[in-house]
file entry.csv (CSV, C-alpha atoms and all ligand atoms)
chain,number,residue,atom,x,y,z
A,468,MET,CA,108.0,115.9,83.4
A,469,ALA,CA,105.7,112.9,83.2
A,470,GLY,CA,106.0,112.1,86.9
A,471,SER,CA,107.0,108.4,86.6
A,472,THR,CA,110.6,108.9,88.1
A,473,PHE,CA,111.4,109.2,91.8
A,474,GLY,CA,114.7,110.0,93.5
A,475,THR,CA,117.8,112.0,92.8
A,476,LEU,CA,120.9,109.7,93.1
A,477,PHE,CA,119.1,106.4,93.7
A,478,ARG,CA,116.3,106.8,91.2
A,479,ILE,CA,113.4,104.6,90.1
A,480,THR,CA,111.2,104.9,87.0
A,481,THR,CA,108.1,102.7,86.9
A,482,TRP,CA,106.2,101.8,83.8
A,483,GLY,CA,103.1,99.8,82.8
A,484,GLU,CA,99.4,99.6,83.3
A,485,SER,CA,97.1,97.4,85.3
A,486,HIS,CA,95.9,95.4,82.3
A,487,GLY,CA,98.8,95.7,79.8
A,488,PRO,CA,101.0,92.6,79.3
A,489,ALA,CA,103.5,93.6,82.0
A,490,LEU,CA,104.7,96.4,84.3
A,491,GLY,CA,108.1,97.1,85.7
A,492,VAL,CA,110.7,99.4,87.2
A,493,VAL,CA,114.2,100.7,86.2
A,494,VAL,CA,116.4,101.4,89.2
A,495,ASP,CA,119.3,103.7,88.3
A,496,GLY,CA,122.1,104.9,90.6
A,497,CYS,CA,122.3,101.7,92.6
A,498,PRO,CA,125.8,101.1,93.8
A,499,ALA,CA,127.7,98.0,92.6
A,500,GLY,CA,128.3,95.0,94.8
A,501,ILE,CA,124.9,94.5,96.6
A,502,PRO,CA,124.0,90.8,96.7
A,503,LEU,CA,120.6,90.6,94.9
A,504,SER,CA,118.4,87.8,93.6
A,505,GLU,CA,114.9,87.6,92.2
A,506,GLU,CA,114.0,85.8,95.5
A,507,ASP,CA,115.1,88.9,97.5
A,508,ILE,CA,112.5,91.0,95.6
A,509,ASN,CA,109.8,88.3,95.5
A,510,VAL,CA,109.6,88.3,99.4
A,511,TYR,CA,108.4,91.9,99.1
A,512,MET,CA,106.1,91.2,96.1
A,513,GLU,CA,104.4,88.4,98.1
A,514,ARG,CA,103.5,90.9,100.9
A,515,ARG,CA,101.8,93.3,98.5
A,516,ARG,CA,99.9,90.5,96.8
A,517,PRO,CA,96.2,89.8,97.7
A,518,ASN,CA,96.2,86.9,100.1
A,519,GLY,CA,92.7,85.8,99.2
A,520,GLY,CA,91.6,86.4,102.8
A,521,ASN,CA,88.8,88.5,104.1
A,522,MET,CA,90.6,91.8,103.7
A,523,SER,CA,91.8,91.2,100.1
A,524,THR,CA,90.7,91.5,96.5
A,525,ALA,CA,90.3,88.1,94.8
A,526,ARG,CA,92.6,89.1,92.0
A,527,ASN,CA,95.4,86.6,92.3
A,528,GLU,CA,98.7,86.9,90.4
A,529,ALA,CA,101.9,85.1,91.1
A,530,ASP,CA,103.7,88.5,91.0
A,531,ARG,CA,107.1,87.0,90.3
A,532,ILE,CA,109.8,89.5,89.4
A,533,GLU,CA,112.1,88.9,86.5
A,534,ILE,CA,115.5,90.8,86.7
A,535,LEU,CA,116.4,91.7,83.2
A,536,SER,CA,119.6,93.7,83.8
A,537,GLY,CA,122.1,95.2,86.3
A,538,VAL,CA,122.8,92.1,88.2
A,539,PHE,CA,125.7,89.7,87.4
A,540,GLU,CA,126.7,86.6,89.3
A,541,GLY,CA,124.3,87.6,92.1
A,542,ARG,CA,125.5,91.1,92.6
A,543,THR,CA,124.4,94.5,91.4
A,544,THR,CA,126.8,95.9,88.8
A,545,GLY,CA,126.2,99.6,89.2
A,546,THR,CA,124.3,99.7,85.9
A,547,PRO,CA,120.5,100.2,85.5
A,548,ILE,CA,118.5,97.3,87.2
A,549,SER,CA,115.5,96.6,85.1
A,550,MET,CA,112.8,94.4,86.6
A,551,MET,CA,109.5,93.2,85.0
A,552,LEU,CA,106.3,91.7,86.3
A,553,ARG,CA,103.9,90.1,83.9
A,554,ASN,CA,100.1,90.7,84.3
A,555,THR,CA,98.6,87.2,84.2
A,556,ASP,CA,95.2,87.5,85.9
A,557,GLN,CA,93.6,90.5,84.1
A,558,ARG,CA,89.9,90.1,83.3
A,559,SER,CA,89.3,93.2,81.2
A,560,HIS,CA,85.6,92.3,80.6
A,561,ASP,CA,85.0,93.0,84.3
A,562,TYR,CA,85.6,96.7,83.5
A,563,SER,CA,83.6,97.1,80.3
A,564,ASN,CA,80.8,98.9,82.1
A,565,ILE,CA,83.1,101.7,83.4
A,566,LYS,CA,84.6,102.4,79.9
A,567,ASP,CA,82.8,105.8,79.7
A,568,ALA,CA,81.8,106.3,83.3
A,569,TYR,CA,83.8,108.2,85.9
A,570,ARG,CA,84.2,106.0,89.0
A,571,PRO,CA,83.7,108.1,92.2
A,572,GLY,CA,86.9,108.2,94.3
A,573,HIS,CA,89.0,107.3,91.3
A,574,ALA,CA,91.3,109.2,88.8
A,575,ASP,CA,89.1,108.6,85.7
A,576,PHE,CA,87.7,112.1,85.4
A,577,GLY,CA,91.1,113.7,85.9
A,578,TYR,CA,92.8,111.4,83.3
A,579,ASP,CA,90.1,112.2,80.7
A,580,SER,CA,90.4,115.9,81.5
A,581,LYS,CA,94.2,115.8,81.2
A,582,TYR,CA,94.8,113.5,78.3
A,583,GLY,CA,91.5,113.4,76.5
A,584,MET,CA,91.7,109.6,76.6
A,585,ARG,CA,92.5,106.8,79.1
A,586,ASP,CA,93.1,103.1,79.5
A,587,TYR,CA,89.9,102.3,81.4
A,588,ARG,CA,90.8,98.7,82.2
A,589,GLY,CA,91.3,98.6,85.9
A,590,GLY,CA,92.3,102.2,86.0
A,591,GLY,CA,95.3,101.7,83.7
A,592,ARG,CA,98.2,103.6,85.0
A,593,SER,CA,96.3,105.0,87.9
A,594,SER,CA,95.7,101.5,89.2
A,595,ALA,CA,97.4,100.5,92.5
A,596,ARG,CA,98.9,97.7,90.5
A,597,GLU,CA,101.7,100.2,89.7
A,598,THR,CA,102.8,100.0,93.3
A,599,ALA,CA,104.1,96.5,92.6
A,600,ALA,CA,106.8,98.1,90.4
A,601,ARG,CA,107.8,100.6,93.1
A,602,VAL,CA,107.9,97.8,95.7
A,603,ALA,CA,110.4,96.0,93.5
A,604,GLY,CA,112.6,99.1,93.4
A,605,GLY,CA,112.2,99.7,97.1
A,606,ALA,CA,113.2,96.1,97.8
A,607,VAL,CA,116.6,96.9,96.3
A,608,ALA,CA,116.9,100.0,98.5
A,609,MET,CA,116.1,97.8,101.5
A,610,LYS,CA,119.1,95.5,100.7
A,611,LEU,CA,121.4,98.5,100.9
A,612,LEU,CA,119.8,99.7,104.1
A,613,SER,CA,120.3,96.3,105.7
A,614,MET,CA,124.0,96.4,104.9
A,615,LEU,CA,124.1,99.7,106.9
A,616,GLY,CA,122.2,98.2,109.8
A,617,ILE,CA,119.1,100.3,109.1
A,618,SER,CA,115.7,98.6,109.3
A,619,VAL,CA,112.3,99.8,107.9
A,620,THR,CA,109.2,98.0,109.1
A,621,ALA,CA,105.6,99.0,108.3
A,622,GLU,CA,102.4,97.3,109.3
A,623,LEU,CA,98.6,97.7,109.3
A,624,SER,CA,97.8,99.3,112.7
A,625,ALA,CA,94.1,100.0,112.4
A,626,VAL,CA,91.1,99.2,110.3
A,627,GLY,CA,88.6,102.0,110.6
A,628,ASP,CA,88.8,103.0,114.3
A,629,ILE,CA,89.7,99.4,115.5
A,630,SER,CA,93.3,98.7,116.4
A,631,ALA,CA,95.0,95.9,114.5
A,632,SER,CA,95.9,94.4,117.8
A,633,GLU,CA,92.2,93.3,117.9
A,634,MET,CA,92.5,91.4,114.6
A,635,GLU,CA,89.3,89.4,115.2
A,636,LYS,CA,87.3,92.7,115.6
A,637,CYS,CA,89.0,94.1,112.5
A,638,GLU,CA,88.0,90.9,110.5
A,639,ASP,CA,84.4,91.3,111.7
A,640,LEU,CA,84.3,95.0,110.7
A,641,VAL,CA,85.7,94.1,107.2
A,642,SER,CA,83.1,91.3,106.8
A,643,SER,CA,80.3,93.7,107.8
A,644,VAL,CA,81.4,96.5,105.4
A,645,ARG,CA,81.8,93.9,102.6
A,646,ASN,CA,78.3,92.6,103.3
A,647,GLU,CA,77.0,96.1,103.0
A,648,GLN,CA,78.8,96.3,99.6
A,649,ASP,CA,81.1,99.0,101.1
A,650,SER,CA,84.7,99.5,102.2
A,651,ILE,CA,86.6,101.0,105.1
A,652,GLY,CA,89.6,103.3,105.8
A,653,SER,CA,92.8,102.1,107.5
A,654,THR,CA,96.0,103.2,109.1
A,655,VAL,CA,99.6,101.9,108.6
A,656,THR,CA,102.5,102.7,110.9
A,657,CYS,CA,106.2,102.6,109.8
A,658,LYS,CA,109.3,102.6,112.0
A,659,VAL,CA,112.9,103.2,110.9
A,660,THR,CA,115.6,102.1,113.3
A,661,GLY,CA,119.4,102.5,113.1
A,662,MET,CA,119.2,105.8,111.1
A,663,PRO,CA,122.3,107.9,111.7
A,664,ALA,CA,121.9,111.6,112.7
A,665,GLY,CA,122.4,114.4,110.1
A,666,ILE,CA,120.8,112.8,107.0
A,667,GLY,CA,118.5,115.0,104.9
A,668,GLN,CA,118.9,118.2,102.9
A,669,PRO,CA,118.1,121.8,103.9
A,670,VAL,CA,115.9,123.5,102.9
A,671,PHE,CA,113.5,122.3,100.2
A,672,ASP,CA,114.6,118.7,100.3
A,673,LYS,CA,114.1,118.2,104.0
A,674,LEU,CA,113.9,114.5,105.0
A,675,ASP,CA,110.3,115.0,106.2
A,676,ALA,CA,109.4,116.8,103.1
A,677,ASP,CA,110.8,114.0,100.9
A,678,LEU,CA,109.1,111.4,103.0
A,679,ALA,CA,105.8,113.2,102.7
A,680,LYS,CA,106.1,113.3,98.9
A,681,ALA,CA,107.0,109.6,98.8
A,682,ILE,CA,104.1,108.6,101.0
A,683,PHE,CA,101.5,110.9,99.3
A,684,SER,CA,102.5,109.4,96.0
A,685,ILE,CA,100.9,106.1,97.1
A,686,GLY,CA,97.3,105.9,96.0
A,687,ALA,CA,94.6,106.4,98.6
A,688,VAL,CA,96.9,108.1,101.1
A,689,LYS,CA,95.1,111.0,102.8
A,690,GLY,CA,97.3,111.9,105.7
A,691,LEU,CA,100.7,111.4,107.3
A,692,ASP,CA,101.9,112.0,110.8
A,693,ILE,CA,105.7,112.2,111.6
A,694,GLY,CA,106.1,111.5,115.3
A,695,ALA,CA,103.4,113.3,117.2
A,696,GLY,CA,102.3,114.7,113.9
A,697,HIS,CA,98.9,116.4,114.0
A,698,SER,CA,98.6,116.0,117.8
A,699,ALA,CA,101.5,118.4,118.2
A,700,ALA,CA,99.1,121.2,117.2
A,701,VAL,CA,97.4,120.9,120.6
A,702,MET,CA,100.5,120.4,122.7
A,703,ARG,CA,102.6,122.8,124.8
A,704,GLY,CA,106.2,123.3,123.8
A,705,SER,CA,107.3,121.8,127.2
A,706,GLU,CA,105.4,118.7,126.3
A,707,ASN,CA,106.3,118.4,122.6
A,708,ASN,CA,110.1,119.1,122.8
A,709,ASP,CA,112.1,115.9,123.1
A,710,PRO,CA,114.8,116.4,125.8
A,711,PHE,CA,118.4,115.6,124.7
A,712,ARG,CA,120.5,113.4,127.0
A,713,VAL,CA,123.7,111.4,126.6
A,714,ARG,CA,123.5,107.6,126.9
A,715,ASP,CA,126.6,105.4,126.4
A,716,GLY,CA,128.4,108.4,124.9
A,717,LYS,CA,125.7,109.0,122.3
A,718,VAL,CA,123.3,111.9,122.0
A,719,VAL,CA,119.7,110.6,122.4
A,720,THR,CA,116.3,112.0,123.0
A,721,THR,CA,114.2,110.7,125.9
A,722,THR,CA,110.9,111.1,124.0
A,723,ASN,CA,110.3,111.1,120.3
A,724,ASN,CA,107.5,113.5,119.4
A,725,ALA,CA,109.7,114.8,116.5
A,726,GLY,CA,109.6,111.3,115.0
A,727,GLY,CA,113.3,111.2,114.4
A,728,ILE,CA,113.5,114.4,112.3
A,729,LEU,CA,114.4,118.0,113.3
A,730,GLY,CA,115.0,120.8,110.9
A,731,GLY,CA,114.7,118.3,108.0
A,732,LEU,CA,117.6,116.2,109.2
A,733,SER,CA,117.5,112.9,111.0
A,734,ASN,CA,118.4,113.2,114.7
A,735,GLY,CA,119.4,109.6,115.3
A,736,SER,CA,116.1,108.6,117.0
A,737,ASP,CA,113.7,106.1,115.3
A,738,ILE,CA,111.8,107.7,112.4
A,739,ASP,CA,108.1,107.1,113.1
A,740,LEU,CA,105.4,107.5,110.4
A,741,THR,CA,101.7,107.0,110.7
A,742,VAL,CA,99.9,106.9,107.3
A,743,TYR,CA,96.2,107.2,106.8
A,744,PHE,CA,94.4,105.5,103.9
A,745,LYS,CA,90.9,106.3,102.7
A,746,PRO,CA,88.4,103.5,102.1
A,747,THR,CA,88.8,101.6,98.9
A,748,PRO,CA,86.9,103.7,96.3
A,749,SER,CA,85.6,100.7,94.2
A,750,ILE,CA,82.6,99.5,96.1
A,751,ALA,CA,80.0,97.0,94.9
A,752,ARG,CA,77.1,99.3,96.0
A,753,PRO,CA,75.4,101.3,93.2
A,754,GLN,CA,76.7,104.8,93.0
A,755,GLN,CA,75.8,108.1,91.3
A,756,THR,CA,78.2,109.4,88.8
A,757,VAL,CA,78.4,111.0,85.3
A,758,ASN,CA,79.7,109.6,82.0
A,759,LYS,CA,81.9,111.1,79.3
A,760,ASP,CA,79.0,112.8,77.8
A,761,HIS,CA,78.3,114.4,81.1
A,762,GLU,CA,75.0,112.5,81.6
A,763,GLU,CA,74.1,111.6,85.2
A,764,ILE,CA,74.1,107.8,85.6
A,765,ASP,CA,74.0,105.0,88.2
A,766,LEU,CA,77.1,102.9,88.3
A,767,GLU,CA,77.7,99.4,89.6
A,768,ILE,CA,81.4,98.5,89.8
A,769,ARG,CA,82.2,94.9,89.0
A,770,GLY,CA,85.7,93.4,89.4
A,771,ARG,CA,87.7,92.5,92.4
A,772,HIS,CA,88.7,95.0,95.1
A,773,ASP,CA,90.2,95.1,98.5
A,774,PRO,CA,87.6,96.2,101.1
A,775,VAL,CA,90.5,97.8,103.1
A,776,ILE,CA,93.7,99.1,101.6
A,777,GLY,CA,96.2,99.2,104.5
A,778,ARG,CA,97.1,95.6,104.7
A,779,ARG,CA,98.5,95.4,101.2
A,780,ALA,CA,99.8,99.0,101.3
A,781,ALA,CA,102.1,98.5,104.4
A,782,VAL,CA,104.9,97.1,102.2
A,783,VAL,CA,104.4,100.0,99.8
A,784,VAL,CA,104.9,102.4,102.6
A,785,GLU,CA,108.0,100.5,103.7
A,786,CYS,CA,109.5,100.5,100.2
A,787,MET,CA,108.8,104.2,99.5
A,788,THR,CA,110.4,105.1,102.9
A,789,ALA,CA,113.5,102.9,102.0
A,790,LEU,CA,113.8,104.7,98.7
A,791,VAL,CA,113.9,108.2,100.4
A,792,LEU,CA,116.4,107.1,103.0
A,793,VAL,CA,118.8,105.5,100.6
A,794,ASP,CA,118.7,108.5,98.3
A,795,ALA,CA,119.3,110.9,101.3
A,796,LEU,CA,122.2,108.7,102.6
A,797,LEU,CA,123.9,108.7,99.2
A,798,ILE,CA,123.4,112.5,98.8
A,799,ASN,CA,124.8,113.0,102.3
A,800,MET,CA,128.1,111.5,101.2
A,801,SER,CA,129.0,114.8,99.6
A,802,SER,CA,128.2,117.0,102.6
A,803,ARG,CA,131.7,117.3,104.1
A,804,ALA,CA,135.1,118.1,102.5
A,805,ASP,CA,137.0,116.0,105.1
A,806,LYS,CA,135.0,112.9,104.3
A,807,ILE,CA,135.5,113.4,100.6
A,808,VAL,CA,139.3,113.8,101.2
A,809,ASP,CA,139.2,110.6,103.3
A,810,PHE,CA,137.4,108.7,100.6
A,811,TYR,CA,139.7,109.7,97.8
A,812,SER,CA,142.9,109.3,99.8
A,813,CYS,CA,141.9,105.6,100.3
A,814,LEU,CA,141.8,105.0,96.6
B,901,LIG,C1,98.2,98.7,97.7
B,901,LIG,C2,97.0,99.4,97.2
B,901,LIG,C3,95.9,98.6,96.8
B,901,LIG,C4,94.7,99.2,96.3
B,901,LIG,N1,93.7,98.5,95.9
B,901,LIG,C5,92.6,99.1,95.4
B,901,LIG,C6,91.5,98.3,95.0
B,901,LIG,O1,91.5,97.0,95.0
B,901,LIG,N2,90.4,98.9,94.5
B,901,LIG,C7,90.3,100.3,94.5
B,901,LIG,O2,89.3,100.8,94.0
B,901,LIG,N3,91.3,101.1,94.9
B,901,LIG,C8,92.5,100.5,95.4
B,901,LIG,N4,93.5,101.3,95.8
B,901,LIG,C9,93.3,102.8,95.8
B,901,LIG,C10,93.3,103.4,94.4
B,901,LIG,O3,94.3,103.0,93.6
B,901,LIG,C11,93.3,105.0,94.6
B,901,LIG,O4,92.4,105.3,95.6
B,901,LIG,C12,92.8,105.6,93.3
B,901,LIG,O5,93.7,105.4,92.3
B,901,LIG,C13,92.6,107.1,93.4
B,901,LIG,O6,93.7,107.8,93.9
B,901,LIG,P1,93.8,108.7,95.2
B,901,LIG,O7,93.0,107.9,96.2
B,901,LIG,O8,95.2,108.7,95.6
B,901,LIG,O9,93.2,110.0,94.9
B,901,LIG,C14,94.7,100.7,96.3
B,901,LIG,C15,95.8,101.4,96.7
B,901,LIG,C16,96.9,100.8,97.2
B,901,LIG,C17,98.1,101.6,97.7

call {"tool": "encode", "arguments": {"input": "entry.csv", "output": "structure tokens", "more": "lines below"}}
Ligand SMILES: Cc1cc2nc3c(=O)[nH]c(=O)nc-3n(C[C@H](O)[C@H](O)[C@H](O)COP(=O)(O)O)c2cc1C
result
Amino acid sequence: MAGSTFGTLFRITTWGESHGPALGVVVDGCPAGIPLSEEDINVYMERRRPNGGNMSTARNEADRIEILSGVFEGRTTGTPISMMLRNTDQRSHDYSNIKDAYRPGHADFGYDSKYGMRDYRGGGRSSARETAARVAGGAVAMKLLSMLGISVTAELSAVGDISASEMEKCEDLVSSVRNEQDSIGSTVTCKVTGMPAGIGQPVFDKLDADLAKAIFSIGAVKGLDIGAGHSAAVMRGSENNDPFRVRDGKVVTTTNNAGGILGGLSNGSDIDLTVYFKPTPSIARPQQTVNKDHEEIDLEIRGRHDPVIGRRAAVVVECMTALVLVDALLINMSSRADKIVDFYSCL
């Protein structure tokens, strides 16, 4: 498989390259009757867009989604929803010096090794511009989640080792790495509230396994913690186990080291993700690399790049999480015979 499709029942396929005329997404398996407008999607597109600020690339595109199919009179019809985004601010000449060079930290060498050719303009298909298409698909999933009272919220939580609560210090750090023609890593946290218990699939399609696949499919992601995550490796069982209690007739846990998932199934607590991004690989500083002819060269990358990825990636984390949850919720509808009988006896 070519790897451009994600999901089982609620499925997205993204297409397009950074410097082609357009890119887009086809969402298939979306239930009919969800109120959906281009504006609903564009709210998410706006959050992924560079804001021209200190932490952003100067590439500036309107990023307005066009819905081409699957929506009629403001509601989804149950048929494939095709959405397109035109590339309007490409400057291909900025990339001419990387035509034959393998940029350190990028996919160039791998693409050439795999396909024997590549669209070198802005990284082509490997460019993070592709994430715009998946954000559009995820925004549709978010609409369905909100009808179910489930919210997914992600935000930049640290730049390097500085907490985003100290935004001024973060800005200063970004300015100094930018002045040094460098970039810096970042952290995004994501919280899901309102998730019912029992969602996910044993044993290979566990909810945490599906979330990990979704999150690691985002460029520059190098790590993921669910709940206590890696820090559980140095805890005692007595510390890490979340005690169950009953509150207002509902089973709850009094701590949430599990991050809302046990045995691959949601346990009704908030789902907490911490996502770690590497520093932006494209830096202005000259770097050592090799070219197609395997000659060692010095490379200066021109073009416009985020010095820190987490700010623009937060909405991508949110949307990939939403896609996994909607898919798991739809799959879960076939888990119990009594519920299936209830459903069909209502018809
Ligand atoms: C939202 C987002 C924006 C990104 N922006 C840039 C960028 O401006 N410049 C860059 O070199 N990499 C950027 N990246 C990261 C690269 O796309 C990624 O590191 C590269 O394709 C190599 O893939 P890998 O890091 O997953 O191995 C961005 C990633 C995301 C998720």

call {"tool": "residues_near_ligand", "arguments": {"input": "entry.csv", "ligand": "ligand LIG 901 (chain B)", "cutoff": "10 Å", "atoms": "all atoms listed in the file", "output": "compact mmCIF listing (two decimals) with C-alpha atoms, in the frame of the given file"}}
result
# COMPACT_ATOMS: atom_id res chain seq x y z
CA ARG A 514 103.50 90.90 100.90
CA ARG A 515 101.80 93.30 98.50
CA ARG A 516 99.90 90.50 96.80
CA PRO A 517 96.20 89.80 97.70
CA SER A 523 91.80 91.20 100.10
CA THR A 524 90.70 91.50 96.50
CA ALA A 525 90.30 88.10 94.80
CA ARG A 526 92.60 89.10 92.00
CA ARG A 570 84.20 106.00 89.00
CA PRO A 571 83.70 108.10 92.20
CA GLY A 572 86.90 108.20 94.30
CA HIS A 573 89.00 107.30 91.30
CA ALA A 574 91.30 109.20 88.80
CA ASP A 575 89.10 108.60 85.70
CA GLY A 577 91.10 113.70 85.90
CA GLY A 589 91.30 98.60 85.90
CA GLY A 590 92.30 102.20 86.00
CA GLY A 591 95.30 101.70 83.70
CA ARG A 592 98.20 103.60 85.00
CA SER A 593 96.30 105.00 87.90
CA SER A 594 95.70 101.50 89.20
CA ALA A 595 97.40 100.50 92.50
CA ARG A 596 98.90 97.70 90.50
CA GLU A 597 101.70 100.20 89.70
CA THR A 598 102.80 100.00 93.30
CA ALA A 599 104.10 96.50 92.60
CA VAL A 602 107.90 97.80 95.70
CA SER A 650 84.70 99.50 102.20
CA ILE A 682 104.10 108.60 101.00
CA PHE A 683 101.50 110.90 99.30
CA SER A 684 102.50 109.40 96.00
CA ILE A 685 100.90 106.10 97.10
CA GLY A 686 97.30 105.90 96.00
CA ALA A 687 94.60 106.40 98.60
CA VAL A 688 96.90 108.10 101.10
CA LYS A 689 95.10 111.00 102.80
CA PHE A 744 94.40 105.50 103.90
CA LYS A 745 90.90 106.30 102.70
CA PRO A 746 88.40 103.50 102.10
CA THR A 747 88.80 101.60 98.90
CA PRO A 748 86.90 103.70 96.30
CA SER A 749 85.60 100.70 94.20
CA ILE A 750 82.60 99.50 96.10
CA ILE A 768 81.40 98.50 89.80
CA GLY A 770 85.70 93.40 89.40
CA ARG A 771 87.70 92.50 92.40
CA HIS A 772 88.70 95.00 95.10
CA ASP A 773 90.20 95.10 98.50
CA PRO A 774 87.60 96.20 101.10
CA VAL A 775 90.50 97.80 103.10
CA ILE A 776 93.70 99.10 101.60
CA GLY A 777 96.20 99.20 104.50
CA ARG A 778 97.10 95.60 104.70
CA ARG A 779 98.50 95.40 101.20
CA ALA A 780 99.80 99.00 101.30
CA ALA A 781 102.10 98.50 104.40
CA VAL A 782 104.90 97.10 102.20
CA VAL A 783 104.40 100.00 99.80
CA VAL A 784 104.90 102.40 102.60

call {"tool": "atom_distance", "arguments": {"input": "entry.csv", "atom1": "atom CA of Leu792 of chain A", "atom2": "atom CA of Leu740 of chain A"}}
result
13.3 Å

call {"tool": "closest_residue", "arguments": {"input": "entry.csv", "among": "A:Ile617, A:Ala603, A:Met662, A:Ile629", "to": "Ile508 of chain A", "atoms": "all atoms listed in the file"}}
result
A:Ala603

call {"tool": "residues_near_point", "arguments": {"input": "entry.csv", "point": "(110.3, 105.7, 99.5)", "cutoff": "9 Å", "atoms": "all atoms listed in the file", "output": "NGL selection string"}}
result
:A and (473-474 or 601 or 605 or 608 or 677-678 or 680-682 or 783-794)

call {"tool": "closest_residue", "arguments": {"input": "entry.csv", "among": "A:Leu814, A:Val607, A:Val493, A:Ala621", "to": "Val659 of chain A", "atoms": "only C-alpha atoms"}}
result
A:Ala621

call {"tool": "residues_near_point", "arguments": {"input": "entry.csv", "point": "(117.1, 111.4, 111.9)", "cutoff": "7 Å", "atoms": "all atoms listed in the file", "output": "VMD selection string"}}
result
chain A and resid 662 to 666 727 to 728 732 to 736 738

call {"tool": "write_last_selection", "arguments": {"input": "entry.csv", "atoms": "C-alpha atoms", "output": "PDB file, in the frame of the given file"}}
result
ATOM      1  CA  MET A 662     119.200 105.800 111.100  1.00  0.00           C
ATOM      2  CA  PRO A 663     122.300 107.900 111.700  1.00  0.00           C
ATOM      3  CA  ALA A 664     121.900 111.600 112.700  1.00  0.00           C
ATOM      4  CA  GLY A 665     122.400 114.400 110.100  1.00  0.00           C
ATOM      5  CA  ILE A 666     120.800 112.800 107.000  1.00  0.00           C
ATOM      6  CA  GLY A 727     113.300 111.200 114.400  1.00  0.00           C
ATOM      7  CA  ILE A 728     113.500 114.400 112.300  1.00  0.00           C
ATOM      8  CA  LEU A 732     117.600 116.200 109.200  1.00  0.00           C
ATOM      9  CA  SER A 733     117.500 112.900 111.000  1.00  0.00           C
ATOM     10  CA  ASN A 734     118.400 113.200 114.700  1.00  0.00           C
ATOM     11  CA  GLY A 735     119.400 109.600 115.300  1.00  0.00           C
ATOM     12  CA  SER A 736     116.100 108.600 117.000  1.00  0.00           C
ATOM     13  CA  ILE A 738     111.800 107.700 112.400  1.00  0.00           C
TER      14      ILE A 738
END

call {"tool": "build_atoms", "arguments": {"input": "entry.csv", "residues": "segment 570-581 of chain A", "atoms": "N, CA and C atoms", "output": "PDB file, in the coordinates of the input"}}
result
ATOM      1  N   ARG A 570      84.401 106.655  87.723  1.00  0.00           N
ATOM      2  CA  ARG A 570      84.200 106.000  89.000  1.00  0.00           C
ATOM      3  C   ARG A 570      84.402 107.007  90.151  1.00  0.00           C
ATOM      4  N   PRO A 571      83.436 107.167  91.056  1.00  0.00           N
ATOM      5  CA  PRO A 571      83.700 108.100  92.200  1.00  0.00           C
ATOM      6  C   PRO A 571      84.886 107.596  93.004  1.00  0.00           C
ATOM      7  N   GLY A 572      85.676 108.559  93.449  1.00  0.00           N
ATOM      8  CA  GLY A 572      86.900 108.200  94.300  1.00  0.00           C
ATOM      9  C   GLY A 572      88.056 107.804  93.475  1.00  0.00           C
ATOM     10  N   HIS A 573      87.932 107.758  92.131  1.00  0.00           N
ATOM     11  CA  HIS A 573      89.000 107.300  91.300  1.00  0.00           C
ATOM     12  C   HIS A 573      89.540 108.470  90.388  1.00  0.00           C
ATOM     13  N   ALA A 574      90.603 108.179  89.639  1.00  0.00           N
ATOM     14  CA  ALA A 574      91.300 109.200  88.800  1.00  0.00           C
ATOM     15  C   ALA A 574      90.685 109.391  87.444  1.00  0.00           C
ATOM     16  N   ASP A 575      89.625 108.606  87.118  1.00  0.00           N
ATOM     17  CA  ASP A 575      89.100 108.600  85.700  1.00  0.00           C
ATOM     18  C   ASP A 575      88.834 109.955  85.137  1.00  0.00           C
ATOM     19  N   PHE A 576      88.077 110.756  85.884  1.00  0.00           N
ATOM     20  CA  PHE A 576      87.700 112.100  85.400  1.00  0.00           C
ATOM     21  C   PHE A 576      88.911 112.944  85.125  1.00  0.00           C
ATOM     22  N   GLY A 577      89.864 112.868  86.059  1.00  0.00           N
ATOM     23  CA  GLY A 577      91.100 113.700  85.900  1.00  0.00           C
ATOM     24  C   GLY A 577      91.917 113.225  84.716  1.00  0.00           C
ATOM     25  N   TYR A 578      92.026 111.903  84.472  1.00  0.00           N
ATOM     26  CA  TYR A 578      92.800 111.400  83.300  1.00  0.00           C
ATOM     27  C   TYR A 578      92.157 111.882  82.020  1.00  0.00           C
ATOM     28  N   ASP A 579      90.822 111.752  81.932  1.00  0.00           N
ATOM     29  CA  ASP A 579      90.100 112.200  80.700  1.00  0.00           C
ATOM     30  C   ASP A 579      90.314 113.687  80.503  1.00  0.00           C
ATOM     31  N   SER A 580      90.230 114.446  81.602  1.00  0.00           N
ATOM     32  CA  SER A 580      90.400 115.900  81.500  1.00  0.00           C
ATOM     33  C   SER A 580      91.789 116.266  81.055  1.00  0.00           C
ATOM     34  N   LYS A 581      92.784 115.510  81.537  1.00  0.00           N
ATOM     35  CA  LYS A 581      94.200 115.800  81.200  1.00  0.00           C
ATOM     36  C   LYS A 581      94.599 115.364  79.848  1.00  0.00           C
TER      37      LYS A 581
END
